[in-house]
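One file, entry_38.csv, is given below (CSV, C-alpha atoms).
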```csv
chain,number,residue,atom,x,y,z
A,1,MET,CA,15.7,-27.7,16.6
A,2,LYS,CA,12.3,-27.4,14.9
A,3,VAL,CA,10.6,-27.1,18.2
A,4,LEU,CA,13.1,-24.4,19.3
A,5,LEU,CA,12.6,-22.6,16.0
A,6,LEU,CA,8.8,-22.5,16.4
A,7,VAL,CA,9.1,-21.4,20.0
A,8,GLY,CA,11.4,-18.6,19.0
A,9,LEU,CA,9.1,-17.5,16.2
A,10,GLY,CA,6.2,-17.6,18.5
A,11,ALA,CA,8.0,-15.4,21.1
A,12,LEU,CA,9.0,-13.0,18.3
A,13,PHE,CA,5.4,-12.5,17.1
A,14,PHE,CA,4.1,-12.2,20.7
A,15,ALA,CA,6.6,-9.4,21.5
A,16,TYR,CA,5.9,-7.7,18.1
A,17,TYR,CA,2.2,-7.6,18.6
A,18,TRP,CA,2.0,-7.2,22.4
A,19,ASP,CA,3.8,-3.8,22.3
A,20,ASP,CA,0.8,-1.8,21.1
A,21,ASN,CA,0.6,1.8,22.4
A,22,PHE,CA,-2.2,2.9,20.0
A,23,ASP,CA,-4.0,5.9,21.3
A,24,PRO,CA,-7.2,6.6,19.4
A,25,ALA,CA,-7.2,10.2,20.7
A,26,SER,CA,-4.0,10.9,18.8
A,27,LEU,CA,-6.1,10.9,15.5
A,28,GLN,CA,-8.7,13.4,16.7
A,29,GLY,CA,-8.2,16.5,14.5
A,30,ALA,CA,-5.5,14.8,12.4
A,31,ARG,CA,-5.4,16.1,8.8
A,32,VAL,CA,-5.5,13.2,6.4
A,33,LEU,CA,-5.2,12.9,2.7
A,34,LEU,CA,-6.4,9.5,1.6
A,35,THR,CA,-6.2,8.1,-2.0
A,36,GLY,CA,-8.2,5.2,-3.3
A,37,ALA,CA,-10.9,6.1,-0.9
A,38,SER,CA,-14.0,5.0,-2.8
A,39,VAL,CA,-14.0,1.2,-2.3
A,40,GLY,CA,-12.4,-1.6,-0.4
A,41,VAL,CA,-9.8,-1.0,2.2
A,42,GLY,CA,-9.6,2.7,1.3
A,43,GLU,CA,-13.3,3.2,2.0
A,44,GLU,CA,-13.0,1.4,5.3
A,45,LEU,CA,-9.9,3.6,6.2
A,46,ALA,CA,-12.1,6.7,5.6
A,47,TYR,CA,-14.8,5.4,7.9
A,48,HIS,CA,-12.2,4.6,10.7
A,49,TYR,CA,-10.7,8.0,10.4
A,50,ALA,CA,-14.1,9.6,10.5
A,51,ARG,CA,-15.1,7.7,13.7
A,52,LEU,CA,-11.8,8.9,15.3
A,53,GLY,CA,-12.5,12.5,14.5
A,54,SER,CA,-9.9,13.2,11.8
A,55,HIS,CA,-10.2,15.9,9.1
A,56,LEU,CA,-10.3,14.2,5.7
A,57,VAL,CA,-9.6,14.9,2.1
A,58,LEU,CA,-10.6,11.8,0.0
A,59,THR,CA,-9.7,11.2,-3.6
A,60,ALA,CA,-10.5,8.4,-6.1
A,61,HIS,CA,-11.4,8.0,-9.7
A,62,THR,CA,-15.2,7.8,-9.5
A,63,GLU,CA,-17.0,10.9,-8.2
A,64,ALA,CA,-20.3,9.1,-7.4
A,65,LEU,CA,-18.6,6.6,-5.2
A,66,LEU,CA,-16.6,9.3,-3.4
A,67,GLN,CA,-19.8,11.3,-2.7
A,68,LYS,CA,-21.3,8.2,-1.0
A,69,VAL,CA,-18.2,7.7,1.2
A,70,VAL,CA,-18.1,11.4,2.1
A,71,GLY,CA,-21.8,11.3,3.2
A,72,ASN,CA,-21.1,8.2,5.4
A,73,CYS,CA,-18.0,9.9,6.9
A,74,ARG,CA,-20.1,12.9,7.9
A,75,LYS,CA,-22.7,10.6,9.6
A,76,LEU,CA,-19.8,8.9,11.4
A,77,GLY,CA,-18.7,12.2,12.9
A,78,ALA,CA,-15.8,13.5,10.7
A,79,PRO,CA,-15.5,17.2,11.6
A,80,LYS,CA,-14.3,18.1,8.1
A,81,VAL,CA,-14.4,15.9,5.0
A,82,PHE,CA,-13.8,17.0,1.4
A,83,TYR,CA,-13.3,15.1,-1.8
A,84,ILE,CA,-11.7,15.6,-5.2
A,85,ALA,CA,-12.3,13.1,-8.0
A,86,ALA,CA,-9.0,12.4,-9.8
A,87,ASP,CA,-7.4,9.9,-12.1
A,88,MET,CA,-3.8,9.2,-11.0
A,89,ALA,CA,-3.0,8.1,-14.6
A,90,SER,CA,-2.6,11.7,-15.5
A,91,PRO,CA,0.8,13.1,-14.4
A,92,GLU,CA,-0.6,16.5,-13.6
A,93,VAL,CA,-3.2,15.2,-11.1
A,94,PRO,CA,-1.0,14.5,-8.0
A,95,GLU,CA,0.0,18.2,-7.7
A,96,ARG,CA,-3.7,19.3,-8.0
A,97,VAL,CA,-4.7,16.7,-5.3
A,98,VAL,CA,-2.1,17.7,-2.8
A,99,GLN,CA,-2.7,21.5,-3.4
A,100,PHE,CA,-6.4,20.9,-2.8
A,101,ALA,CA,-5.7,19.1,0.4
A,102,LEU,CA,-3.4,21.8,1.7
A,103,ASP,CA,-5.9,24.5,0.8
A,104,LYS,CA,-8.8,22.7,2.6
A,105,LEU,CA,-6.9,21.5,5.6
A,106,GLY,CA,-4.1,24.0,6.0
A,107,GLY,CA,-1.5,21.2,6.1
A,108,LEU,CA,-1.2,17.4,6.4
A,109,ASP,CA,-0.4,15.1,9.3
A,110,TYR,CA,-1.0,11.9,7.3
A,111,LEU,CA,-0.6,11.0,3.6
A,112,VAL,CA,-2.2,7.6,3.1
A,113,LEU,CA,-1.4,6.2,-0.4
A,114,ASN,CA,-3.8,3.4,-1.2
A,115,HIS,CA,-4.9,3.8,-4.9
A,116,LEU,CA,-4.5,1.0,-7.3
A,117,GLY,CA,-4.5,0.7,-11.1
A,118,ALA,CA,-5.4,-2.6,-12.7
A,119,ALA,CA,-2.9,-4.4,-14.9
A,120,PRO,CA,-4.0,-5.4,-18.4
A,121,ALA,CA,-6.1,-8.6,-18.6
A,122,GLY,CA,-4.2,-11.8,-18.7
A,123,THR,CA,-0.8,-10.5,-17.5
A,124,ARG,CA,0.7,-13.7,-16.2
A,125,ALA,CA,4.4,-14.4,-16.0
A,126,ARG,CA,4.2,-16.8,-19.0
A,127,SER,CA,2.6,-14.2,-21.3
A,128,ALA,CA,5.1,-12.6,-23.7
A,129,GLN,CA,2.7,-9.7,-24.3
A,130,ALA,CA,2.5,-9.0,-20.6
A,131,THR,CA,6.3,-9.0,-20.4
A,132,ARG,CA,6.7,-6.6,-23.3
A,133,TRP,CA,4.0,-4.3,-21.8
A,134,LEU,CA,5.9,-4.2,-18.5
A,135,MET,CA,9.3,-3.6,-20.0
A,136,GLN,CA,7.9,-0.7,-22.1
A,137,ALA,CA,6.4,0.8,-19.0
A,138,LEU,CA,9.6,0.5,-17.0
A,139,GLY,CA,11.7,1.7,-20.0
A,140,SER,CA,9.6,4.9,-20.2
A,141,ALA,CA,10.6,6.0,-16.6
A,142,PRO,CA,13.5,8.4,-16.1
A,143,SER,CA,16.5,7.5,-14.1
A,144,PRO,CA,15.9,8.1,-10.4
A,145,SER,CA,17.7,11.1,-8.8
A,146,GLY,CA,16.0,11.6,-5.5
A,147,LEU,CA,12.4,12.9,-5.5
A,148,ARG,CA,13.1,15.4,-8.3
A,149,PHE,CA,13.1,12.8,-11.1
A,150,LEU,CA,9.3,12.7,-11.1
A,151,LEU,CA,9.0,16.4,-12.0
A,152,ARG,CA,10.5,16.0,-15.4
A,153,PRO,CA,8.0,15.4,-18.2
A,154,VAL,CA,8.3,11.8,-19.6
A,155,THR,CA,6.1,9.4,-21.5
A,156,ARG,CA,4.6,7.0,-19.0
A,157,SER,CA,2.3,4.0,-19.3
A,158,ARG,CA,-0.9,4.1,-17.3
A,159,HIS,CA,0.1,1.2,-15.1
A,160,LEU,CA,3.5,2.7,-14.2
A,161,GLN,CA,2.0,6.1,-13.5
A,162,VAL,CA,-0.8,4.9,-11.3
A,163,ASN,CA,0.9,2.2,-9.3
A,164,LEU,CA,4.3,3.7,-8.9
A,165,LEU,CA,5.1,7.2,-10.2
A,166,SER,CA,2.0,8.9,-8.7
A,167,TYR,CA,2.9,7.5,-5.3
A,168,VAL,CA,6.3,9.2,-5.5
A,169,GLN,CA,4.9,12.4,-6.9
A,170,LEU,CA,2.3,12.7,-4.1
A,171,THR,CA,5.0,12.0,-1.6
A,172,SER,CA,7.3,14.7,-3.1
A,173,LEU,CA,4.6,17.3,-3.0
A,174,ALA,CA,3.3,16.5,0.5
A,175,LEU,CA,6.7,16.0,2.1
A,176,PRO,CA,7.3,19.7,3.1
A,177,SER,CA,3.9,19.8,4.9
A,178,LEU,CA,4.5,16.5,6.6
A,179,THR,CA,8.0,17.7,7.7
A,180,ASP,CA,6.4,20.7,9.3
A,181,SER,CA,3.9,18.6,11.2
A,182,LYS,CA,6.2,15.7,11.9
A,183,GLY,CA,3.6,13.6,10.2
A,184,SER,CA,3.4,10.2,8.6
A,185,LEU,CA,3.5,8.6,5.2
A,186,VAL,CA,1.4,5.5,5.0
A,187,VAL,CA,1.8,3.2,1.9
A,188,VAL,CA,-0.7,0.4,1.5
A,189,SER,CA,1.1,-2.3,-0.5
A,190,SER,CA,0.9,-6.0,-0.9
A,191,LEU,CA,2.7,-9.2,0.1
A,192,LEU,CA,3.6,-9.4,-3.6
A,193,GLY,CA,5.9,-6.5,-2.9
A,194,ARG,CA,8.0,-8.6,-0.5
A,195,VAL,CA,7.6,-12.2,-1.6
A,196,PRO,CA,7.4,-12.9,-5.4
A,197,THR,CA,5.0,-15.6,-6.6
A,198,SER,CA,3.8,-17.0,-9.8
A,199,PHE,CA,1.5,-15.3,-12.3
A,200,SER,CA,1.9,-11.8,-11.0
A,201,SER,CA,5.0,-10.3,-12.6
A,202,PRO,CA,3.7,-6.8,-13.6
A,203,TYR,CA,1.8,-6.2,-10.3
A,204,SER,CA,4.6,-7.6,-8.2
A,205,ALA,CA,7.2,-5.5,-10.0
A,206,ALA,CA,5.4,-2.3,-9.2
A,207,LYS,CA,4.9,-3.3,-5.5
A,208,PHE,CA,8.6,-4.2,-5.2
A,209,ALA,CA,9.5,-0.8,-6.6
A,210,LEU,CA,7.3,0.9,-4.0
A,211,ASP,CA,8.9,-1.1,-1.2
A,212,SER,CA,12.4,-0.2,-2.4
A,213,PHE,CA,11.7,3.5,-3.0
A,214,PHE,CA,10.1,4.1,0.4
A,215,GLY,CA,12.7,2.0,2.2
A,216,SER,CA,15.4,4.2,0.6
A,217,LEU,CA,13.5,7.4,1.4
A,218,ARG,CA,13.1,6.3,5.1
A,219,ARG,CA,16.9,6.1,5.3
A,220,GLU,CA,17.4,9.5,3.6
A,221,LEU,CA,15.0,11.1,6.0
A,222,ASP,CA,16.7,9.5,9.0
A,223,VAL,CA,20.1,10.8,7.8
A,224,GLN,CA,18.7,14.3,7.5
A,225,ASP,CA,17.0,14.1,10.9
A,226,VAL,CA,13.6,14.7,9.2
A,227,ASN,CA,10.9,13.4,11.6
A,228,VAL,CA,8.5,11.9,9.1
A,229,ALA,CA,7.4,8.3,9.8
A,230,ILE,CA,7.0,5.9,6.9
A,231,THR,CA,4.7,2.9,7.4
A,232,MET,CA,4.7,0.2,4.8
A,233,CYS,CA,1.5,-1.9,5.0
A,234,VAL,CA,1.7,-5.5,3.6
A,235,LEU,CA,-1.8,-6.7,3.0
A,236,GLY,CA,-3.4,-9.7,1.3
A,237,LEU,CA,-5.4,-9.6,-1.9
A,238,ARG,CA,-7.3,-6.3,-2.1
A,239,ASP,CA,-11.1,-6.6,-1.9
A,240,ARG,CA,-11.9,-5.1,-5.3
A,241,ALA,CA,-12.4,-6.9,-8.6
A,242,SER,CA,-9.5,-5.1,-10.4
A,243,ALA,CA,-7.0,-6.4,-7.9
A,244,THR,CA,-8.2,-10.0,-7.8
A,245,GLU,CA,-9.3,-10.7,-11.3
A,246,GLY,CA,-5.8,-11.3,-12.6
A,247,VAL,CA,-5.2,-14.1,-10.1
A,248,ARG,CA,-8.8,-15.4,-9.9
A,249,GLY,CA,-8.8,-19.2,-10.0
A,250,VAL,CA,-5.0,-19.3,-9.7
A,251,THR,CA,-4.3,-18.6,-6.0
A,252,ARG,CA,-6.0,-20.0,-2.9
A,253,ALA,CA,-5.3,-16.8,-1.0
A,254,LYS,CA,-8.4,-15.1,0.3
A,255,VAL,CA,-9.2,-11.4,0.0
A,256,ALA,CA,-8.2,-9.4,3.1
A,257,PRO,CA,-11.4,-8.2,5.0
A,258,GLY,CA,-11.6,-4.5,4.5
A,259,PRO,CA,-12.6,-3.2,8.0
A,260,LYS,CA,-10.0,-5.4,9.8
A,261,ALA,CA,-7.2,-4.7,7.3
A,262,ALA,CA,-8.0,-0.9,7.5
A,263,LEU,CA,-7.9,-0.9,11.3
A,264,ALA,CA,-4.5,-2.7,11.3
A,265,VAL,CA,-3.2,0.1,8.9
A,266,ILE,CA,-4.5,2.8,11.2
A,267,ARG,CA,-3.1,1.3,14.4
A,268,GLY,CA,0.3,0.8,12.8
A,269,SER,CA,0.6,4.2,11.2
A,270,ALA,CA,-0.7,6.0,14.4
A,271,THR,CA,2.1,4.3,16.4
A,272,ARG,CA,4.6,5.2,13.6
A,273,ALA,CA,5.5,1.5,13.0
A,274,SER,CA,7.8,0.9,10.1
A,275,SER,CA,5.7,-2.1,8.9
A,276,VAL,CA,2.2,-3.4,9.2
A,277,PHE,CA,1.3,-7.0,8.2
A,278,TYR,CA,-2.3,-8.2,7.7
A,279,PRO,CA,-2.9,-11.0,8.2
A,280,TRP,CA,-0.2,-11.4,10.8
A,281,ARG,CA,1.2,-14.5,9.2
A,282,PHE,CA,2.5,-12.4,6.3
A,283,HIS,CA,5.3,-11.3,8.6
A,284,LEU,CA,6.4,-14.9,9.0
A,285,LEU,CA,6.3,-15.4,5.2
A,286,CYS,CA,8.5,-12.4,4.7
A,287,LEU,CA,11.0,-13.8,7.3
A,288,LEU,CA,10.9,-17.2,5.7
A,289,ARG,CA,11.8,-15.7,2.3
A,290,GLY,CA,15.1,-14.6,3.8
A,291,TRP,CA,15.9,-18.1,5.0
A,292,MET,CA,14.6,-19.9,1.8
A,293,PRO,CA,15.2,-17.6,-1.1
A,294,GLN,CA,14.5,-20.5,-3.5
A,295,PRO,CA,11.5,-22.3,-2.1
A,296,ARG,CA,10.7,-25.8,-3.4
A,297,ALA,CA,8.0,-26.1,-6.1
A,298,TRP,CA,5.8,-28.2,-3.8
A,299,PHE,CA,5.8,-25.3,-1.2
A,300,ILE,CA,4.7,-22.8,-3.8
A,301,ARG,CA,1.9,-25.1,-5.0
A,302,GLN,CA,0.3,-24.9,-1.6
A,303,GLU,CA,-0.9,-21.4,-2.4
A,304,LEU,CA,-1.9,-22.2,-6.0
A,305,ASN,CA,-4.7,-24.1,-7.6
A,306,ILE,CA,-2.4,-26.1,-9.8
A,307,THR,CA,-2.4,-29.9,-10.2
A,308,THR,CA,0.7,-31.8,-11.3
A,309,PRO,CA,0.4,-34.6,-13.9
A,310,ALA,CA,-0.1,-38.1,-12.4
A,311,ALA,CA,2.9,-40.3,-12.4
A,312,ALA,CA,3.0,-42.8,-15.2
```
Would you encode the structure as structure tokens?
Amino acid sequence: MKVLLLVGLGALFFAYYWDDNFDPASLQGARVLLTGASVGVGEELAYHYARLGSHLVLTAHTEALLQKVVGNCRKLGAPKVFYIAADMASPEVPERVVQFALDKLGGLDYLVLNHLGAAPAGTRARSAQATRWLMQALGSAPSPSGLRFLLRPVTRSRHLQVNLLSYVQLTSLALPSLTDSKGSLVVVSSLLGRVPTSFSSPYSAAKFALDSFFGSLRRELDVQDVNVAITMCVLGLRDRASATEGVRGVTRAKVAPGPKAALAVIRGSATRASSVFYPWRFHLLCLLRGWMPQPRAWFIRQELNITTPAAA
């Protein structure tokens, strides 16, 4: 049975990855708004889009880093590239960013949501302070009622605003243009939004919320015959200090290489895939979670730098 199971899983992955109809020419002239574009996977996404001839609006928090990326994109052949420095912790910023992109590009074909806000230092599951911080953040959010719930003024924590609410605000504001162009929403998320693990409660909660929201939105768009694709991208640890510091020394997982992860995101979104997994084994981990919702402690420890006390 184990052999048959492994053969079946191998056939599944072969079929999943063999069916690849990615056409680089489809991105030539595409109008792309990319957030979190100054470092890591976001920076590499900008460079890939530039090589492919897309028109770009890039946004991130630090203007100096954005200017460097913009200069590199121009050297790589991007026909149009603009930037707007913006802090997604401010509830007013998403509207300004989307309007800037629409003014500069005349519409959108891709909205690529990649920005990331760091959690407070030391936010591990066993920390009471971290738990209170998370509950206060979640408690400040209004009750969902479609996309409109984001437009009401509320008191939000920085973490919740950056990692969740700004994603939904940007989507709400860009959706009319994406509907007109039959475009794509691309959400760069994490394995921690599909498979919970130790020492990552606040970050994992935000990523699970993203996965749930965009999964629900995909169904709503299908019901309304709105031809906008949503691609959820499940990546490993992000290659930036703010994303990895909280689990440094705890997990054995390695940072996802920026260029390769970015290319996987671009190929998947260009073919309007519903999900992208990088590395590919993350797809298997997500499947296993459905079969083993309560994994044994020894299995979890394989990914953690934790030693158990020696037997007496």
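Computed from the coordinates, the CA of Leu33 in chain A to CA of Gln161 in chain A distance equals 19.0 Å.
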Residue contacts of Met88 in chain A (12 Å, all atoms listed in the file) excluding same-chain residues fewer than 3 positions away, as a PyMOL selection string:
chain A and resi 35-36+59-62+84-85+91-98+113-117+156-170
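Nearest residue to Ser38 in chain A among A:Thr271, A:Ser54, A:Gln67, A:Ser177 is A:Gln67, counting all atoms listed in the file.
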Need the shell around His55 in chain A: protein/DNA/RNA residues with any atom at most 7 Å away, counting only C-alpha atoms. Skip same-chain ones fewer than 2 positions apart. Format as number ranges by chain?
A: 29-32, 53, 78-81
Using only C-alpha atoms, please write the residues we just selected to a file, as a CSV table (one decimal), in the frame of the given file.
```csv
chain,number,residue,atom,x,y,z
A,29,GLY,CA,-8.2,16.5,14.5
A,30,ALA,CA,-5.5,14.8,12.4
A,31,ARG,CA,-5.4,16.1,8.8
A,32,VAL,CA,-5.5,13.2,6.4
A,53,GLY,CA,-12.5,12.5,14.5
A,78,ALA,CA,-15.8,13.5,10.7
A,79,PRO,CA,-15.5,17.2,11.6
A,80,LYS,CA,-14.3,18.1,8.1
A,81,VAL,CA,-14.4,15.9,5.0
```
In Å and to one decimal, CA of Leu34 in chain A is distant from CA of Asp225 in chain A by 25.6 Å
**Message:** What's around Val41 in chain A at 6 Å? Count all atoms listed in the file, leave out sequence neighbours fewer than 3 positions away in its own chain, and write the answer as a list in words.
**Reply:** Glu44, Gly258 and Ala262 of chain A
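Going from CA of Ser190 in chain A to CA of Ser172 in chain A covers 21.8 Å.
The closest residue to Arg267 in chain A, picked from A:Ala64, A:Leu108, A:Ala37, A:Leu52 and counting all atoms listed in the file, is A:Leu52.
In terms of minimum interatomic distance to Tyr47 in chain A, A:Leu76 ranks closest within A:Met232, A:Leu76, A:Val186, A:Leu102, counting only C-alpha atoms.
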